[in-house]
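Some notes on the structure that comes next.
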Amino acid sequence: MSSEAQLRVGQVGLGYWGRNLARVFDDVADLTWLCDTSEALRTEFANRHPNAQITGDFEELLAADDVDAVVIATPVPTHYPLARASLEAGLHVFVEKPPAMRVAEMEELIALAEARGLVLMPGHLLLYHPAVQKMKELVDDGDLGEVLVVYGNRQNLGKIRKDENALWSLGVHDLSVILYLIGEEIAEAAAHGHAFLTEGVEDVVFCYLRFPSGKIAHMHLSWLDPHKMRRLTVVGRDKMAVFDDMELDRKITVYDKAPEQPADNYGEWRTRSGDIFSPKLSNAEPLKLECQHFVRLVQEGWDGREMRDGLEVVRALELLTASLRSD
Ligand SMILES: NC(=O)c1ccc[n+]([C@@H]2O[C@H](COP(=O)([O-])OP(=O)(O)OC[C@H]3O[C@@H](n4cnc5c(N)ncnc54)[C@H](O)[C@@H]3O)[C@@H](O)[C@H]2O)c1
């Protein structure tokens, strides 16, 4: 395959998020098939994408001879069976996060993709956000000094969900970024939360993670909160950085603040507070960058990093869910 336009994509799931994916894949690839069990959505998308074939039967899409890759944007419990069927049909897969609800299932998908030489990319959108890429650069270049703590705040009043809790609905975003920034496997995971509105569905969840190097992370996830917060803070030994996705043009702020122990201070700690600056970021659309990345992996080959990172997110979700259930 020599150009992006030649990757032929079939997409299943045309709901709230699927319509965004279809818009972008129509731009960066050749969207040949669309599939949804909803007849109303099929009619709407037939008008919007007259060149694509439309079906309510996923098997028909899998059997088509003009599909190279499948994009899956259906509800989470359906990801694993649809991704498995797609890989078994010899097709590359882009699947919304998380690709599976259990580690064993995710491992099975990875084994299938590896055995058949296919791409399996989970849709961890935030990893393609220019602000997250900048945070990674700050961490990896040592600008912040040794990273000590990373914590995420993802709170709002709503959207109240009844089928997945705050950890699965909101936490998956922060987990993908925290694991990406820290780059270590989890040594310890604990979660506490409570279901106030719907039995068994935690509306408020607090998570704690510890890593082998001693770094720790925390997530406050809630749809019962007066503040809309989409914020990630990295505390380094030398500087601290905050990614605030609610800010329009100051998404990242780097604080030259840190504790220090001057030689003339008899071992006492004091704090230093220097400049505060905000690096310039590209305003490229994260979703477009994510979809282009998938097309590039299929066209240029890959080493499987994205699916192994996806496995770590599923592992974290499994560990945190077990802790939450034993709470
Ligand atoms: N990356 C992000 O920021 C982001 C944001 C929102 C949602 N999502 C993810 O996108 C996925 C879809 O979420 P949504 O909010 O669009 O849900 P949705 O309910 O609005 O849409 C899901 C669609 O899938 C269809 N569907 C379900 N099972 C099907 C099947 N077997 N065959 C064909 N069609 C089927 C439904 O009819 C529905 O139209 C979820 O995995 C969600 O986690 C990601």
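The chains in the structure tokens are called A, B, ... from first to last as shown; in each chain the residues are counted from 1, and the ligands are counted from 1 in the order shown.
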Enumerate, in order of chain and increasing residue number, the residues of chain A with an atom no farther than 8 Å from ligand 1, each with its shortest atom pair and distance in Å to one decimal, counting only C-alpha atoms and all ligand atoms, as CSV.
residue,atom,partner,partner_atom_place_in_ligand_line,distance
A:Val12,CA,ligand 1,33 (C),5.4
A:Gly13,CA,ligand 1,24 (O),3.6
A:Leu14,CA,ligand 1,39 (O),4.8
A:Gly15,CA,ligand 1,21 (O),3.3
A:Tyr16,CA,ligand 1,16 (O),3.7
A:Trp17,CA,ligand 1,16 (O),3.6
A:Gly18,CA,ligand 1,16 (O),5.1
A:Arg19,CA,ligand 1,16 (O),7.6
A:Cys35,CA,ligand 1,33 (C),5.4
A:Asp36,CA,ligand 1,34 (N),3.5
A:Thr37,CA,ligand 1,34 (N),4.4
A:Ser38,CA,ligand 1,37 (O),4.7
A:Leu41,CA,ligand 1,39 (O),6.8
A:Gly56,CA,ligand 1,33 (C),6.1
A:Asp57,CA,ligand 1,32 (N),6.6
A:Phe58,CA,ligand 1,32 (N),5.7
A:Ile72,CA,ligand 1,11 (C),7.6
A:Ala73,CA,ligand 1,11 (C),4.3
A:Thr74,CA,ligand 1,24 (O),3.8
A:Pro75,CA,ligand 1,40 (C),4.5
A:Val76,CA,ligand 1,41 (O),4.5
A:Thr78,CA,ligand 1,28 (N),6.5
A:His79,CA,ligand 1,41 (O),7.2
A:Leu82,CA,ligand 1,31 (N),7.3
A:Val95,CA,ligand 1,41 (O),7.8
A:Glu96,CA,ligand 1,41 (O),4.8
A:Lys97,CA,ligand 1,41 (O),5.6
A:Pro98,CA,ligand 1,41 (O),6.9
A:Gly123,CA,ligand 1,1 (N),5.9
A:His124,CA,ligand 1,1 (N),6.1
A:Leu125,CA,ligand 1,1 (N),5.0
A:Leu126,CA,ligand 1,3 (O),7.6
A:Ser169,CA,ligand 1,43 (O),6.9
A:His173,CA,ligand 1,3 (O),7.9
May I have the selected residues written with C-alpha atoms, as a PDB file, in the first residue's frame?
ATOM      1  CA  VAL A  12     -18.912  -0.892  12.846  1.00  0.00           C
ATOM      2  CA  GLY A  13     -20.752   1.371  15.311  1.00  0.00           C
ATOM      3  CA  LEU A  14     -22.112   4.708  14.088  1.00  0.00           C
ATOM      4  CA  GLY A  15     -23.348   6.180  17.378  1.00  0.00           C
ATOM      5  CA  TYR A  16     -22.134   9.201  19.323  1.00  0.00           C
ATOM      6  CA  TRP A  17     -18.408   8.507  18.918  1.00  0.00           C
ATOM      7  CA  GLY A  18     -18.604   6.456  15.727  1.00  0.00           C
ATOM      8  CA  ARG A  19     -19.784   9.478  13.747  1.00  0.00           C
ATOM      9  CA  CYS A  35     -22.300  -1.133   9.802  1.00  0.00           C
ATOM     10  CA  ASP A  36     -24.791  -0.510  12.603  1.00  0.00           C
ATOM     11  CA  THR A  37     -27.722  -2.489  13.968  1.00  0.00           C
ATOM     12  CA  SER A  38     -29.787   0.724  14.073  1.00  0.00           C
ATOM     13  CA  LEU A  41     -28.406   5.358  11.705  1.00  0.00           C
ATOM     14  CA  GLY A  56     -26.712  -4.082   9.674  1.00  0.00           C
ATOM     15  CA  ASP A  57     -24.892  -7.409   9.554  1.00  0.00           C
ATOM     16  CA  PHE A  58     -21.262  -7.332  10.661  1.00  0.00           C
ATOM     17  CA  ILE A  72     -14.867  -0.746  15.977  1.00  0.00           C
ATOM     18  CA  ALA A  73     -16.911   1.924  17.784  1.00  0.00           C
ATOM     19  CA  THR A  74     -19.588  -0.162  19.491  1.00  0.00           C
ATOM     20  CA  PRO A  75     -20.226  -0.477  23.272  1.00  0.00           C
ATOM     21  CA  VAL A  76     -17.309  -1.811  25.352  1.00  0.00           C
ATOM     22  CA  THR A  78     -18.793  -5.973  22.225  1.00  0.00           C
ATOM     23  CA  HIS A  79     -15.210  -4.892  21.502  1.00  0.00           C
ATOM     24  CA  LEU A  82     -15.945  -8.016  17.176  1.00  0.00           C
ATOM     25  CA  VAL A  95     -10.852  -0.648  18.306  1.00  0.00           C
ATOM     26  CA  GLU A  96     -12.177   1.894  20.755  1.00  0.00           C
ATOM     27  CA  LYS A  97     -10.816   1.675  24.271  1.00  0.00           C
ATOM     28  CA  PRO A  98     -10.582  -0.731  25.973  1.00  0.00           C
ATOM     29  CA  GLY A 123      -8.250   3.991  20.500  1.00  0.00           C
ATOM     30  CA  HIS A 124      -6.498   5.745  23.371  1.00  0.00           C
ATOM     31  CA  LEU A 125      -7.241   9.183  21.967  1.00  0.00           C
ATOM     32  CA  LEU A 126      -5.407  11.231  24.586  1.00  0.00           C
ATOM     33  CA  SER A 169     -15.952   5.303  31.689  1.00  0.00           C
ATOM     34  CA  HIS A 173      -8.290   7.927  29.574  1.00  0.00           C
TER      35      HIS A 173
END
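Residues of segment 124-159 of chain A carrying a DSSP assignment of helix (DSSP H, G or I), computed from the backbone, are Leu125, Leu126, Leu127, Tyr128, Pro130, Ala131, Val132, Gln133, Lys134, Met135, Lys136, Glu137, Leu138, Val139 and Asp140 of chain A.
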Checklist line | Pick from A:Val149, A:Leu91, A:Ile178, A:Ala189 nearest to Ser213 of chain A, counting only C-alpha atoms | finding: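 For Ser213 of chain A, the nearest of the given residues is A:Val149.
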Next item on the list: Fewer than 3 positions away in the same chain doesn't count, so skip those; otherwise give me all residues within 10 Å of Ile252 of chain A, counting only C-alpha atoms, as a VMD selection string.
Entry: chain A and resid 131 to 132 134 to 135 231 to 233 241 to 245 247 249 255 277 to 281
Checklist line | Among listed residues A:His218, A:Val147, A:Gly152, A:Gly171, nearest Arg237 of chain A (using only C-alpha atoms) | finding: A:Val147
Item checked: From A:Asn165, A:Ser323, A:Gln11, A:Ser86, residue lying nearest Leu221 of chain A [only C-alpha atoms] ->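 Checking each of A:Asn165, A:Ser323, A:Gln11, A:Ser86 against Leu221 of chain A, counting only C-alpha atoms, the winner is A:Asn165.
Excluding segment 201-206 of chain A itself and same-chain residues fewer than 6 positions from it, the residues having an atom within 7 Å of it are Lys162, Glu164, Asn165, Ala166, Leu167, Ala191, His192, Gly193, His194, Ala195, Met219, His220, Leu221, Ser222, Trp223 and Leu224 of chain A, counting only C-alpha atoms.
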Next item on the list: Just give me the gap between atom CA of Trp302 of chain A and atom CA of Leu179 of chain A in Å, one decimal is fine.
Entry: 20.2 Å
